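For reference, the structure discussed in these notes is given below.
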Amino acid sequence: MYSPPPSHHEQRHDDDVALWQAFRAGQQAALGALFDRYAQQLFSYGYHLIHDAEVVKDAIQTVFVHLWARRDHLGEVTTVKFYLYRSLKNELLRIASSARPAKEQVIEDYEPSIEQSLVDTEEEHQRAMRLRLSLAQLSGREKEIINLKYFSNFKIREIATMLQLNEQTVANLLLRALKKLRQSLLVSVLLWLLG
């Protein structure tokens, strides 16, 4: 019976699991491979949460140092990427809570850096401006869910676990954010056409 070859996503997942098992067995090179594979993605995610590159870099290093130190006590993980993202968020929350008074323990809102990925043409600059104005209409939680869903490719279930919300709440917030974006983009396009 024919079985199709694994997709790129499935292959990467299998590679991640193999690296995780090797790292837990004491192979430092496997942890280094995971770091090389995910450091840039973790930095982008962390920087969306806290706009301080040095704090994010330190937090990523702390996550990997703690992983190595606790490797004997770690179990299997379903998705290595999800585990690393959640670990980084927890570390950033720990840093934020120790650096701020108790009433201000929420990580600052973030704005996706759209300009980095746009070509410098006038039309694309206009689209970026409209999109940035639309994203500004979203709450911090809505922006975070949009980022995790569409820029980091997490599933609703994984986002719910990471944000400690139920899946229906995440789905509702995602739907509300998408509606706001559609409405805002439509209004800005109409204003641009009329202007």
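Following the order of the structure tokens, chains are lettered A, B, ..., residues in each are numbered from 1, and ligands are numbered from 1.
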Quiz item: Could you pull out the alpha helix (DSSP H) residues of stretch 42-94 of chain A from DSSP and send them as a PyMOL selection string?
Solution: chain A and resi 42-49+53-69+80-94
Quiz prompt | Long-range neighbours of A:Ile145 as a ChimeraX atom specification, 8 Å cut-off, only C-alpha atoms, 6 positions minimum in chain | solution = /A:159,170,173-174
Using N, CA and C atoms, can you write the selected residues to a file as a short mmCIF file (atom, residue, chain, number, x, y, z; two decimals), in the first residue's frame?
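Final file, result.cif:
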data_model
loop_
_atom_site.label_atom_id
_atom_site.label_comp_id
_atom_site.auth_asym_id
_atom_site.auth_seq_id
_atom_site.Cartn_x
_atom_site.Cartn_y
_atom_site.Cartn_z
N ILE A 159 -2.46 27.92 20.90
CA ILE A 159 -2.55 29.31 21.36
C ILE A 159 -3.32 29.38 22.67
N VAL A 170 -10.20 31.94 22.39
CA VAL A 170 -9.20 32.27 21.38
C VAL A 170 -9.86 32.40 20.01
N LEU A 173 -11.78 35.69 19.92
CA LEU A 173 -10.87 36.84 19.80
C LEU A 173 -10.28 36.93 18.40
N LEU A 174 -9.92 35.79 17.82
CA LEU A 174 -9.37 35.78 16.47
C LEU A 174 -10.40 36.28 15.47
#
Quiz item: Could you pull the residues within 12 Å of A:Asp36, counting only C-alpha atoms, minus those fewer than 6 positions along the same chain, as a PyMOL selection string?
Solution: chain A and resi 16+19+29-30+42-43+60-61+64
